[in-house]
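Here's coords_29.cif, which has mmCIF, C-alpha atoms and all ligand atoms:
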```cif
data_work
loop_
_atom_site.label_atom_id
_atom_site.label_comp_id
_atom_site.auth_asym_id
_atom_site.auth_seq_id
_atom_site.Cartn_x
_atom_site.Cartn_y
_atom_site.Cartn_z
CA MET I 1 30.42 -7.92 -9.23
CA LYS I 2 28.56 -6.67 -12.29
CA ILE I 3 24.97 -5.40 -12.47
CA THR I 4 23.20 -5.22 -15.85
CA PHE I 5 19.81 -3.63 -16.36
CA PHE I 6 17.69 -5.23 -19.11
CA GLY I 7 14.37 -3.57 -18.27
CA GLY I 8 12.48 -1.59 -15.66
CA ALA I 9 15.03 1.24 -15.93
CA GLU I 10 13.59 4.74 -16.50
CA GLU I 11 10.21 2.99 -16.74
CA VAL I 12 7.76 0.85 -14.78
CA GLY I 13 7.52 -2.63 -16.23
CA ARG I 14 9.66 -5.51 -17.59
CA SER I 15 11.94 -5.56 -14.54
CA CYS I 16 14.99 -7.71 -15.29
CA ILE I 17 18.43 -7.29 -13.73
CA MET I 18 21.48 -9.56 -13.98
CA ILE I 19 23.96 -9.86 -11.14
CA SER I 20 27.22 -11.51 -12.08
CA SER I 21 30.13 -12.55 -9.92
CA GLY I 22 32.20 -13.59 -12.91
CA ARG I 23 31.54 -17.24 -12.15
CA THR I 24 27.80 -17.10 -11.41
CA ARG I 25 25.01 -15.14 -13.05
CA VAL I 26 21.55 -14.68 -11.57
CA LEU I 27 18.58 -12.81 -12.99
CA LEU I 28 16.50 -10.80 -10.55
CA ASP I 29 12.96 -10.77 -11.98
CA SER I 30 11.94 -11.22 -15.59
CA GLY I 31 8.79 -9.26 -16.36
CA VAL I 32 7.03 -7.65 -19.29
CA LYS I 33 5.55 -4.17 -19.69
CA PRO I 34 1.93 -4.16 -18.54
CA GLU I 35 0.61 -1.82 -21.24
CA ASP I 36 1.89 -3.70 -24.29
CA ASN I 37 3.60 -6.87 -22.99
CA SER I 38 6.93 -5.74 -24.42
CA PRO I 39 9.84 -7.89 -23.20
CA PRO I 40 13.04 -6.94 -21.38
CA GLN I 41 15.96 -6.14 -23.70
CA ILE I 42 17.96 -9.29 -23.01
CA ASP I 43 19.21 -11.19 -26.02
CA ASP I 44 18.06 -14.82 -26.12
CA LYS I 45 21.73 -15.90 -26.42
CA ARG I 46 22.50 -14.37 -23.04
CA LEU I 47 19.82 -16.49 -21.38
CA LYS I 48 22.23 -19.44 -21.71
CA GLU I 49 24.65 -17.73 -19.32
CA VAL I 50 22.02 -17.53 -16.56
CA ASP I 51 22.54 -19.91 -13.61
CA ALA I 52 19.35 -19.08 -11.71
CA ILE I 53 16.36 -16.74 -11.75
CA LEU I 54 15.04 -15.15 -8.56
CA ILE I 55 11.55 -13.65 -8.63
CA SER I 56 10.67 -10.89 -6.16
CA HIS I 57 6.89 -11.21 -6.46
CA ALA I 58 3.97 -12.36 -8.60
CA HIS I 59 3.17 -9.27 -10.66
CA MET I 60 3.41 -9.47 -14.43
CA ASP I 61 6.03 -6.74 -14.67
CA HIS I 62 8.31 -8.99 -12.58
CA CYS I 63 7.59 -12.52 -13.79
CA ALA I 64 5.70 -12.75 -17.10
CA TYR I 65 8.84 -13.25 -19.21
CA LEU I 66 9.56 -16.64 -17.58
CA PRO I 67 7.60 -18.67 -20.18
CA HIS I 68 9.70 -17.11 -22.95
CA ILE I 69 12.96 -17.82 -21.10
CA TYR I 70 12.10 -21.52 -20.59
CA SER I 71 10.86 -21.79 -24.18
CA LYS I 72 14.31 -20.66 -25.32
CA GLY I 73 15.87 -23.64 -23.57
CA TYR I 74 16.78 -22.27 -20.13
CA LYS I 75 17.22 -25.28 -17.87
CA GLY I 76 18.02 -23.68 -14.53
CA LEU I 77 15.80 -23.12 -11.50
CA THR I 78 13.49 -20.24 -10.62
CA TYR I 79 13.61 -19.38 -6.92
CA THR I 80 10.56 -17.83 -5.22
CA THR I 81 8.54 -17.90 -2.04
CA LYS I 82 5.55 -20.28 -1.88
CA PRO I 83 2.75 -17.71 -2.41
CA THR I 84 4.70 -16.17 -5.30
CA MET I 85 4.96 -19.52 -7.04
CA GLU I 86 1.27 -20.32 -6.59
CA LEU I 87 0.14 -16.89 -7.75
CA MET I 88 2.51 -16.94 -10.71
CA ASN I 89 1.03 -20.21 -11.91
CA VAL I 90 -2.43 -18.63 -12.04
CA LEU I 91 -1.29 -15.30 -13.51
CA ILE I 92 0.93 -16.83 -16.16
CA ALA I 93 -1.78 -19.27 -17.29
CA ASP I 94 -4.15 -16.33 -17.70
CA TYR I 95 -1.49 -14.28 -19.50
CA MET I 96 -0.87 -17.14 -21.96
CA HIS I 97 -4.58 -17.32 -22.64
CA LEU I 98 -5.08 -13.57 -23.17
CA ALA I 99 -1.80 -12.39 -24.72
CA ASN I 100 -0.62 -15.58 -26.41
CA PRO I 101 2.95 -14.25 -26.49
CA PRO I 102 5.15 -15.27 -29.45
CA ASP I 103 7.93 -17.85 -29.02
CA VAL I 104 6.33 -19.52 -25.99
CA THR I 105 6.14 -23.27 -26.45
CA LYS I 106 4.20 -25.97 -24.65
CA GLU I 107 7.54 -27.57 -23.70
CA GLY I 108 8.74 -24.25 -22.30
CA LEU I 109 5.65 -23.92 -20.11
CA THR I 110 6.01 -27.50 -18.85
CA ALA I 111 9.69 -26.90 -18.08
CA LEU I 112 8.80 -23.73 -16.13
CA GLY I 113 6.31 -25.69 -14.02
CA LYS I 114 9.01 -28.23 -13.09
CA HIS I 115 11.80 -25.83 -12.21
CA PHE I 116 10.49 -23.87 -9.25
CA LYS I 117 12.45 -23.90 -6.04
CA ILE I 118 10.56 -22.60 -3.02
CA LEU I 119 12.43 -20.74 -0.34
CA ASP I 120 11.45 -19.35 3.05
CA TYR I 121 12.06 -15.75 4.01
CA ARG I 122 15.31 -15.02 5.82
CA LYS I 123 16.89 -18.31 4.86
CA GLU I 124 20.17 -17.91 3.02
CA PHE I 125 20.74 -20.11 -0.02
CA GLN I 126 23.73 -20.60 -2.29
CA ILE I 127 23.82 -20.31 -6.08
CA GLY I 128 27.36 -20.96 -7.34
CA ASP I 129 29.56 -18.52 -5.46
CA LEU I 130 26.65 -16.20 -4.62
CA LYS I 131 24.77 -16.20 -1.33
CA CYS I 132 21.14 -15.11 -1.68
CA GLU I 133 18.21 -14.42 0.63
CA PHE I 134 14.54 -13.42 0.40
CA ILE I 135 13.33 -10.78 2.88
CA PRO I 136 9.65 -9.73 3.38
CA ALA I 137 8.93 -6.69 1.19
CA GLY I 138 5.40 -5.79 2.39
CA HIS I 139 4.15 -5.22 -1.18
CA ILE I 140 1.92 -8.25 -1.88
CA ILE I 141 1.65 -11.68 -0.31
CA GLY I 142 4.94 -13.57 -0.78
CA SER I 143 6.78 -10.48 -2.06
CA ALA I 144 10.48 -10.32 -1.29
CA LEU I 145 13.49 -8.07 -1.28
CA ILE I 146 16.41 -10.04 -2.70
CA ARG I 147 19.87 -9.92 -1.13
CA VAL I 148 22.80 -11.21 -3.20
CA SER I 149 26.38 -11.36 -1.94
CA ASP I 150 29.67 -12.61 -3.40
CA GLY I 151 31.47 -12.16 -0.09
CA LYS I 152 33.02 -8.87 -1.17
CA HIS I 153 29.95 -6.91 -2.21
CA THR I 154 26.33 -7.22 -1.19
CA VAL I 155 23.38 -5.98 -3.24
CA VAL I 156 19.85 -5.58 -1.94
CA TYR I 157 17.13 -5.29 -4.59
CA THR I 158 13.82 -3.99 -3.28
CA GLY I 159 11.58 -5.46 -6.00
CA ASP I 160 8.41 -3.53 -5.18
CA ILE I 161 8.34 -2.47 -1.55
CA ASN I 162 6.01 -1.02 1.07
CA LEU I 163 7.15 -0.06 4.56
CA THR I 164 3.77 0.39 6.23
CA HIS I 165 1.50 -2.43 7.24
CA THR I 166 -1.81 -2.90 5.46
CA ARG I 167 -4.93 -4.89 6.29
CA LEU I 168 -3.24 -7.92 4.74
CA LEU I 169 0.48 -7.63 5.35
CA GLU I 170 3.21 -6.38 7.64
CA GLY I 171 5.47 -3.72 6.12
CA ALA I 172 8.89 -4.66 4.72
CA ASP I 173 11.27 -6.10 7.29
CA LEU I 174 14.49 -4.08 6.96
CA LYS I 175 15.87 -5.04 10.37
CA ASP I 176 19.53 -6.12 10.43
CA ILE I 177 20.12 -5.97 6.70
CA THR I 178 23.55 -4.89 5.55
CA ALA I 179 24.47 -4.10 1.95
CA ASP I 180 26.82 -1.70 0.17
CA THR I 181 24.59 -1.44 -2.90
CA LEU I 182 20.84 -0.88 -3.04
CA ILE I 183 18.70 -1.24 -6.16
CA THR I 184 15.46 0.51 -5.28
CA GLU I 185 12.13 0.94 -6.98
CA SER I 186 10.84 4.51 -7.46
CA THR I 187 7.21 4.15 -8.55
CA TYR I 188 6.28 7.04 -6.25
CA GLY I 189 9.67 8.76 -6.15
CA GLY I 190 8.45 12.01 -7.72
CA LYS I 191 8.35 15.39 -5.96
CA GLU I 192 4.56 15.21 -5.77
CA ASP I 193 4.49 11.67 -4.46
CA VAL I 194 4.16 12.23 -0.74
CA LYS I 195 0.96 10.26 -0.27
CA ALA I 196 -1.72 10.28 2.35
CA ASN I 197 -1.64 7.11 4.42
CA GLU I 198 -4.54 4.70 4.66
CA LYS I 199 -5.80 6.28 7.88
CA GLU I 200 -6.28 9.59 6.06
CA GLN I 201 -7.55 8.01 2.84
CA ALA I 202 -9.99 5.52 4.34
CA PRO I 203 -12.71 7.98 5.46
CA LEU I 204 -12.60 9.77 2.08
CA PHE I 205 -12.76 6.49 0.19
CA MET I 206 -15.63 5.33 2.36
CA LYS I 207 -17.55 8.58 1.90
CA SER I 208 -17.06 8.48 -1.85
CA ILE I 209 -18.50 4.96 -2.04
CA LYS I 210 -21.37 5.80 0.30
CA ASP I 211 -22.32 8.91 -1.69
CA THR I 212 -22.54 6.96 -4.95
CA ILE I 213 -24.59 4.20 -3.34
CA LEU I 214 -27.02 6.71 -1.83
CA GLN I 215 -27.51 8.22 -5.30
CA GLY I 216 -28.24 4.75 -6.67
CA GLY I 217 -25.00 4.56 -8.65
CA LYS I 218 -22.70 1.68 -9.42
CA ILE I 219 -19.04 1.67 -8.45
CA ILE I 220 -16.38 -0.02 -10.54
CA ILE I 221 -13.07 -0.65 -8.81
CA PRO I 222 -10.46 -1.92 -11.26
CA SER I 223 -7.79 -3.81 -9.41
CA PHE I 224 -4.73 -6.00 -9.79
CA ALA I 225 -5.80 -9.58 -9.11
CA VAL I 226 -3.09 -9.89 -6.50
CA GLY I 227 -2.76 -7.56 -3.57
CA ARG I 228 -4.94 -4.49 -4.17
CA ALA I 229 -8.04 -6.60 -4.80
CA GLN I 230 -7.74 -8.39 -1.47
CA GLU I 231 -6.96 -5.16 0.39
CA VAL I 232 -9.96 -3.36 -1.05
CA LEU I 233 -12.31 -6.31 -0.55
CA LEU I 234 -11.29 -6.69 3.09
CA PHE I 235 -11.82 -2.95 3.51
CA LEU I 236 -15.31 -3.07 1.96
CA ASP I 237 -16.24 -6.12 4.02
CA ASP I 238 -15.21 -4.38 7.22
CA TYR I 239 -17.13 -1.20 6.41
CA ILE I 240 -20.27 -3.03 5.29
CA ASN I 241 -20.26 -5.18 8.43
CA SER I 242 -19.91 -2.15 10.64
CA GLY I 243 -22.69 -0.29 8.80
CA LEU I 244 -20.44 2.51 7.55
CA ILE I 245 -21.23 1.62 3.95
CA PRO I 246 -24.82 0.66 3.04
CA LYS I 247 -25.16 -3.04 2.29
CA VAL I 248 -25.17 -3.49 -1.48
CA PRO I 249 -23.92 -6.45 -3.51
CA VAL I 250 -20.15 -6.60 -3.91
CA TYR I 251 -19.41 -8.50 -7.12
CA VAL I 252 -15.97 -10.02 -7.52
CA ASP I 253 -15.10 -10.68 -11.13
CA GLY I 254 -12.12 -12.14 -12.98
CA MET I 255 -9.04 -13.82 -11.63
CA ILE I 256 -9.50 -12.25 -8.21
CA ASN I 257 -11.71 -15.20 -7.24
CA LYS I 258 -8.78 -17.59 -7.75
CA THR I 259 -6.22 -15.37 -6.06
CA MET I 260 -8.51 -14.97 -3.03
CA LYS I 261 -8.28 -18.72 -2.48
CA ILE I 262 -4.48 -18.61 -2.71
CA HIS I 263 -4.41 -15.82 -0.13
CA ARG I 264 -6.67 -17.84 2.15
CA HIS I 265 -4.50 -20.93 2.24
CA ASN I 266 -1.34 -18.86 2.55
CA VAL I 267 -2.76 -16.78 5.37
CA ILE I 268 0.34 -17.68 7.40
CA PHE I 269 2.15 -15.12 5.19
CA CYS I 270 -0.36 -12.42 6.14
CA ARG I 271 -0.42 -10.12 9.16
CA LYS I 272 -0.71 -11.77 12.57
CA GLU I 273 -3.91 -9.79 13.33
CA LEU I 274 -5.61 -11.22 10.26
CA GLN I 275 -4.48 -14.75 11.10
CA MET I 276 -5.78 -14.38 14.66
CA LYS I 277 -9.14 -13.03 13.45
CA ILE I 278 -9.65 -16.11 11.30
CA LEU I 279 -8.34 -18.47 13.96
CA MET I 280 -10.27 -17.04 16.90
CA SER I 281 -13.69 -16.64 15.28
CA ASP I 282 -15.85 -18.33 12.70
CA TYR I 283 -15.55 -15.31 10.48
CA ASP I 284 -13.41 -15.62 7.36
CA PRO I 285 -13.18 -12.35 5.40
CA PHE I 286 -11.76 -14.16 2.36
CA ARG I 287 -15.06 -16.02 2.10
CA SER I 288 -17.29 -13.18 3.23
CA PRO I 289 -21.05 -13.52 2.61
CA ASN I 290 -20.91 -9.92 1.37
CA PHE I 291 -19.06 -11.02 -1.79
CA THR I 292 -20.68 -12.56 -4.86
CA PRO I 293 -18.23 -14.16 -7.29
CA ILE I 294 -19.05 -13.75 -10.97
CA GLU I 295 -18.50 -17.11 -12.54
CA SER I 296 -19.89 -16.86 -16.05
CA ARG I 297 -20.45 -14.43 -18.89
CA ALA I 298 -24.21 -14.88 -18.51
CA GLN I 299 -24.03 -13.92 -14.85
CA ARG I 300 -21.96 -10.84 -15.73
CA GLU I 301 -24.45 -9.85 -18.40
CA GLU I 302 -27.31 -10.30 -15.95
CA ILE I 303 -25.87 -8.05 -13.27
CA THR I 304 -25.03 -5.28 -15.73
CA LYS I 305 -28.74 -5.17 -16.61
CA LYS I 306 -29.86 -4.84 -12.99
CA ASP I 307 -31.01 -1.41 -12.00
CA GLN I 308 -29.55 -1.51 -8.54
CA SER I 309 -26.62 0.08 -6.79
CA CYS I 310 -23.61 -2.23 -6.39
CA ILE I 311 -19.84 -2.41 -6.21
CA VAL I 312 -17.73 -4.40 -8.67
CA VAL I 313 -14.12 -5.24 -7.93
CA THR I 314 -12.52 -6.61 -11.06
CA THR I 315 -9.43 -6.91 -13.24
CA SER I 316 -7.46 -5.46 -14.85
CA GLY I 317 -6.15 -2.84 -12.45
CA MET I 318 -4.98 -0.53 -15.22
CA VAL I 319 -8.12 -0.99 -17.34
CA THR I 320 -5.97 -2.55 -20.08
CA GLY I 321 -8.20 -5.63 -20.46
CA GLY I 322 -10.33 -8.11 -18.54
CA PRO I 323 -13.94 -7.88 -17.32
CA VAL I 324 -13.57 -4.23 -16.24
CA LEU I 325 -13.99 -3.27 -19.91
CA HIS I 326 -17.38 -4.96 -20.02
CA TYR I 327 -18.59 -2.92 -17.02
CA LEU I 328 -17.18 0.30 -18.48
CA LYS I 329 -18.99 -0.30 -21.77
CA ARG I 330 -22.28 -0.84 -19.96
CA TRP I 331 -22.06 1.70 -17.16
CA GLY I 332 -19.39 4.17 -18.33
CA GLY I 333 -21.81 6.67 -19.86
CA ASN I 334 -23.85 7.33 -16.72
CA SER I 335 -22.68 10.22 -14.53
CA VAL I 336 -24.26 8.71 -11.41
CA ASN I 337 -21.75 5.87 -11.58
CA LYS I 338 -18.17 5.99 -10.46
CA LEU I 339 -14.83 4.46 -11.38
CA THR I 340 -12.45 4.33 -8.45
CA LEU I 341 -8.76 3.84 -9.21
CA ILE I 342 -6.69 2.50 -6.34
CA GLY I 343 -3.39 1.36 -7.84
CA TYR I 344 -0.56 2.78 -9.89
CA GLN I 345 -1.61 3.70 -13.47
CA PRO I 346 1.34 3.70 -15.88
CA LYS I 347 1.50 5.99 -18.92
CA GLY I 348 -0.13 4.50 -21.99
CA THR I 349 -2.86 2.62 -20.09
CA ARG I 350 -6.59 3.40 -20.17
CA GLY I 351 -6.43 3.81 -16.40
CA ARG I 352 -3.92 6.64 -16.76
CA ALA I 353 -5.92 8.26 -19.57
CA LEU I 354 -9.04 8.25 -17.38
CA GLN I 355 -7.05 9.62 -14.46
CA ASP I 356 -5.81 12.42 -16.74
CA GLY I 357 -9.39 13.35 -17.70
CA GLU I 358 -9.93 11.42 -20.94
CA ARG I 359 -13.68 11.22 -21.64
CA GLU I 360 -13.67 8.92 -24.63
CA LEU I 361 -12.13 5.46 -24.75
CA MET I 362 -11.61 2.94 -27.51
CA ILE I 363 -12.84 -0.45 -26.30
CA ASP I 364 -13.02 -3.37 -28.75
CA ARG I 365 -12.52 -0.89 -31.62
CA ARG I 366 -15.57 1.09 -30.52
CA LYS I 367 -15.68 4.55 -29.05
CA VAL I 368 -17.13 4.60 -25.54
CA GLN I 369 -18.16 7.95 -24.07
CA ILE I 370 -17.17 8.30 -20.44
CA GLY I 371 -19.73 10.08 -18.31
CA LEU I 372 -19.06 8.43 -14.96
CA LYS I 373 -16.98 10.10 -12.27
CA VAL I 374 -13.36 9.02 -12.05
CA GLU I 375 -11.61 9.18 -8.69
CA THR I 376 -8.21 8.09 -7.45
CA PHE I 377 -7.35 6.95 -3.95
CA HIS I 378 -3.81 6.12 -2.97
CA MET I 379 -4.19 2.58 -1.76
CA SER I 380 -1.13 1.54 -3.64
CA ALA I 381 1.18 -1.11 -2.21
CA HIS I 382 4.27 0.93 -3.06
CA ALA I 383 6.43 3.03 -0.79
CA ASP I 384 5.81 6.74 -1.34
CA ARG I 385 8.58 9.33 -1.62
CA LYS I 386 8.99 9.67 2.17
CA GLN I 387 9.45 5.92 2.53
CA LEU I 388 11.76 5.70 -0.48
CA GLU I 389 13.99 8.27 1.20
CA LEU I 390 14.14 6.12 4.33
CA ILE I 391 14.98 2.77 2.72
CA PRO I 392 18.68 3.36 1.90
CA LYS I 393 19.12 4.72 5.43
CA LYS I 394 17.49 1.70 7.05
CA VAL I 395 19.68 -0.80 5.19
CA LYS I 396 23.05 -0.64 6.97
CA GLY I 397 26.21 0.28 5.06
CA VAL I 398 24.65 1.50 1.80
CA GLN I 399 27.07 3.53 -0.31
CA ARG I 400 25.54 3.44 -3.78
CA VAL I 401 21.94 3.37 -4.93
CA PHE I 402 20.59 2.38 -8.33
CA ILE I 403 17.10 3.77 -8.93
CA VAL I 404 14.82 1.65 -11.12
CA HIS I 405 11.10 0.87 -11.58
CA GLY I 406 9.91 4.45 -12.00
CA GLU I 407 9.03 6.90 -14.74
CA LYS I 408 12.21 8.75 -15.75
CA GLU I 409 11.25 12.05 -14.08
CA LYS I 410 10.28 10.31 -10.85
CA SER I 411 13.53 8.33 -10.71
CA GLU I 412 15.49 11.55 -11.37
CA ASP I 413 13.49 13.35 -8.65
CA LEU I 414 14.36 10.63 -6.17
CA LYS I 415 18.01 10.80 -7.26
CA LYS I 416 18.12 14.50 -6.31
CA LEU I 417 16.78 13.64 -2.88
CA LEU I 418 19.21 10.78 -2.22
CA GLU I 419 22.42 12.08 -3.74
CA LYS I 420 23.17 14.25 -0.71
CA SER I 421 23.94 11.05 1.19
CA PHE I 422 24.74 8.38 -1.42
CA ASP I 423 26.37 7.75 -4.76
CA VAL I 424 23.21 7.54 -6.90
CA VAL I 425 22.64 6.32 -10.46
CA VAL I 426 19.48 6.15 -12.58
CA PRO I 427 20.60 3.42 -14.98
CA ARG I 428 19.38 3.08 -18.56
CA ILE I 429 18.27 -0.13 -20.19
CA GLY I 430 21.27 -2.07 -21.47
CA GLU I 431 23.77 -0.45 -19.09
CA GLU I 432 26.19 -2.50 -17.07
CA TYR I 433 27.93 -1.36 -13.88
CA GLU I 434 30.91 -2.82 -12.08
CA ILE I 435 30.72 -2.43 -8.30
ZN ZN Q 501 4.35 -5.27 -7.85
ZN ZN Q 502 6.33 -3.68 -10.24
#
```

Rewrite the structure from the file as structure tokens, please.
Amino acid sequence: MKITFFGGAEEVGRSCIMISSGRTRVLLDSGVKPEDNSPPQIDDKRLKEVDAILISHAHMDHCAYLPHIYSKGYKGLTYTTKPTMELMNVLIADYMHLANPPDVTKEGLTALGKHFKILDYRKEFQIGDLKCEFIPAGHIIGSALIRVSDGKHTVVYTGDINLTHTRLLEGADLKDITADTLITESTYGGKEDVKANEKEQAPLFMKSIKDTILQGGKIIIPSFAVGRAQEVLLFLDDYINSGLIPKVPVYVDGMINKTMKIHRHNVIFCRKELQMKILMSDYDPFRSPNFTPIESRAQREEITKKDQSCIVVTTSGMVTGGPVLHYLKRWGGNSVNKLTLIGYQPKGTRGRALQDGERELMIDRRKVQIGLKVETFHMSAHADRKQLELIPKKVKGVQRVFIVHGEKEKSEDLKKLLEKSFDVVVPRIGEEYEI
């Protein structure tokens, strides 16, 4: 078996890995880099060799290269879970609109739409001489670990993974999985990345929001449209209903409104507790009366003029684009306001710059002075260092570990931790390994 890394190695973004048995070749993920949409380093000619594409989950760094691949004449199938397919359709349409990537054709997009194959979790399927399986990864709705076996070797690829349950999802299901090779993400693999859990973070997050509201400030929460947005909205809904946060308008802007609907009708993929809550009462947190969707530019303009405390949950999560920029332009100068970061902020993004103390941003070629407070809460859907250490131990039979999807230093840090027990490699882009 051969494993080739085309992206997402020594970096976060453009995940793309080929597994080859000699007879069959599958691509695991095909994403772009979130900060500049740069593609994975796979030559278009090699796309012809690909028999199937398996997508771990619907984040752009794992799936946004699909339109390019189909535009270059790929005729095979893309395998995903149902929520992943539905979310990808929405995210990719938006990406086409905003980024207008080169080489993507109308025909390619149509072909992509016709070549999805939906699979259930824990149901083995065959591609050529490879046996594959999706396993719940606990990261976002529909997210999957991917197991690929040629009968001799078995690889488990984590995609993005979270072991602890959240408001929305159960943690990854690593029960009874056997593999000799693990390809693991390392977003929070660094020495400093032992994170507080939600139980410890929640009261601090709540207090921070309450304080700003009591001072009459506005809170901007930039969020990924899928996953973090729903988690944070359910959190706010809960705390407003129980009186722990004063009742102020919660505006939901951008694609989050569409992805909320997809979560609602795929609630069967969410945690049992959440399903029961919806089933046993009239209350539906996905359609909470506490939320006001922003549906037009005029409406957005109107609320930014209001002199009233409020919370806005909006895209993009890394402040790279989307409506969040509008709110920052309008409210960013006022020190009573607050920007609360809740997800991973890669290098090179405005989110990371703000996190690192930058007080001046370029938005639409204009300098914007940043006076508002910037805070970070770890509500990320990624395993932290403690969990990343556990994963290769929980999967039975692991001998070698490839560390991907992390900044170079973080991947190297995790390597140091794991190499006492396993044969560990931090691959580079373009490298191929025989296992
Ligand atoms: Zn992800
Ligand atoms: Zn990712």

Exercise for the section: List all protein, DNA and RNA residues that have an atom no more than 10 Å from any atom of ligand ZN 502 (chain Q), counting all atoms listed in the file, and report them as a PyMOL selection string. Expected result: chain I and resi 8+12-15+29+31-34+56-63+139+159-161+185-187+344+381-382+405-406

Counting all atoms listed in the file, which residues have an atom no more than 12 Å from (-19.9, -13.7, -8.3) in the file's coordinates? Please list them as a JSON list (two decimals) with C-alpha atoms, in the coordinates of the input.
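Below is the file selection_14.json, written as the result:
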```json
[["chain", "number", "residue", "atom", "x", "y", "z"],
["I", 249, "PRO", "CA", -23.92, -6.45, -3.51],
["I", 250, "VAL", "CA", -20.15, -6.60, -3.91],
["I", 251, "TYR", "CA", -19.41, -8.50, -7.12],
["I", 252, "VAL", "CA", -15.97, -10.02, -7.52],
["I", 253, "ASP", "CA", -15.10, -10.68, -11.13],
["I", 254, "GLY", "CA", -12.12, -12.14, -12.98],
["I", 255, "MET", "CA", -9.04, -13.82, -11.63],
["I", 256, "ILE", "CA", -9.50, -12.25, -8.21],
["I", 257, "ASN", "CA", -11.71, -15.20, -7.24],
["I", 258, "LYS", "CA", -8.78, -17.59, -7.75],
["I", 287, "ARG", "CA", -15.06, -16.02, 2.10],
["I", 288, "SER", "CA", -17.29, -13.18, 3.23],
["I", 289, "PRO", "CA", -21.05, -13.52, 2.61],
["I", 290, "ASN", "CA", -20.91, -9.92, 1.37],
["I", 291, "PHE", "CA", -19.06, -11.02, -1.79],
["I", 292, "THR", "CA", -20.68, -12.56, -4.86],
["I", 293, "PRO", "CA", -18.23, -14.16, -7.29],
["I", 294, "ILE", "CA", -19.05, -13.75, -10.97],
["I", 295, "GLU", "CA", -18.50, -17.11, -12.54],
["I", 296, "SER", "CA", -19.89, -16.86, -16.05],
["I", 297, "ARG", "CA", -20.45, -14.43, -18.89],
["I", 298, "ALA", "CA", -24.21, -14.88, -18.51],
["I", 299, "GLN", "CA", -24.03, -13.92, -14.85],
["I", 300, "ARG", "CA", -21.96, -10.84, -15.73],
["I", 301, "GLU", "CA", -24.45, -9.85, -18.40],
["I", 302, "GLU", "CA", -27.31, -10.30, -15.95],
["I", 303, "ILE", "CA", -25.87, -8.05, -13.27],
["I", 311, "ILE", "CA", -19.84, -2.41, -6.21],
["I", 312, "VAL", "CA", -17.73, -4.40, -8.67],
["I", 313, "VAL", "CA", -14.12, -5.24, -7.93],
["I", 314, "THR", "CA", -12.52, -6.61, -11.06]]
```

Problem - Proximity to Gly138 of chain I - best of I:Asp413, I:Asp173, I:Asp282, I:Glu419, all atoms listed in the file - result: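 Ranking I:Asp413, I:Asp173, I:Asp282, I:Glu419 by distance to Gly138 of chain I, first place goes to I:Asp173.
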
Exercise for the section: Determine the nearest neighbour of His153 of chain I from the options I:Leu87, I:Ala179, I:Ser30, I:Ala172, counting all atoms listed in the file. Expected result: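 Of the candidates, the smallest distance to His153 of chain I is held by I:Ala179.
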
Practice task
Have a look at I:Thr315, I:Asn162, I:Ser242, I:Asn334 and name the one nearest to ligand ZN 501 (chain Q); count only C-alpha atoms and all ligand atoms.
Solution key: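 Closest to ligand ZN 501 (chain Q), using only C-alpha atoms and all ligand atoms: I:Asn162.
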
Problem - Spatial neighbours of segment 91-107 of chain I, 10 Å, all atoms listed in the file, chain gap at least 2 places, as a count of residues only - result: 35

Exercise for the section: Using only C-alpha atoms, collect all residues at a distance of at most 6 Å from (-5.5, -2.2, 3.3) as written in the file, then present them as a ChimeraX atom specification. Expected result: /I:166-167,231

Problem - Top pick for closest residue to Lys305 of chain I, considering I:Leu388, I:Asp129, I:Cys270, I:Lys218 and counting only C-alpha atoms - result: I:Lys218

Problem - Among the residues I:Pro246, I:Arg366, I:Phe286, I:Val426, the one that comes closest to Asn266 of chain I [using only C-alpha atoms] - result: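 Under the stated criterion, the closest residue is I:Phe286.
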
Handout entry: Selected residue of minimal separation from ligand ZN 501 (chain Q) among I:Thr4, I:Thr376, I:Ser143, I:Ser21, counting only C-alpha atoms and all ligand atoms
Key = I:Ser143

Completion exercise
Here atom CA of Glu49 of chain I and atom CA of Thr24 of chain I stand apart by 8.5 Å

Exercise for the section: Would you mind listing what lies within 10 Å of Gly128 of chain I as an MDAnalysis selection string, with all atoms listed in the file counted and same-chain residues fewer than 4 positions away left out? Expected result: chainID I and resid 21 23:26 51:52 150

Problem - Coordinates-based distance that separates atom CA of Gln126 of chain I from atom CA of Ser149 of chain I (Å, one decimal) - result: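 We find that atom CA of Ser149 of chain I and atom CA of Gln126 of chain I lie 9.6 Å from each other.
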
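Distance-wise, atom CA of Ile146 of chain I and atom CA of Lys48 of chain I end up 22.0 Å apart.
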
Exercise for the section: Pick out the residues sitting within 6 Å of Gly371 of chain I, and hand them over as a PyMOL selection string; count all atoms listed in the file, and ignore anything fewer than 6 positions along from it in its own chain. Expected result: chain I and resi 332-335

Problem - Who sits within 8 Å of Val368 of chain I, only C-alpha atoms, same chain under 5 positions skipped, as a ChimeraX atom specification - result: /I:329,332-333,360-363

Practice task
Tell me which protein, DNA and RNA residues are within 9 Å of Lys347 of chain I, counting all atoms listed in the file, leaving out same-chain ones fewer than 3 positions away, and put them as a list in words.
Solution key: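 Here the answer would be Glu35, Arg350, Gly351, Arg352, Ala353 and Glu407 of chain I.
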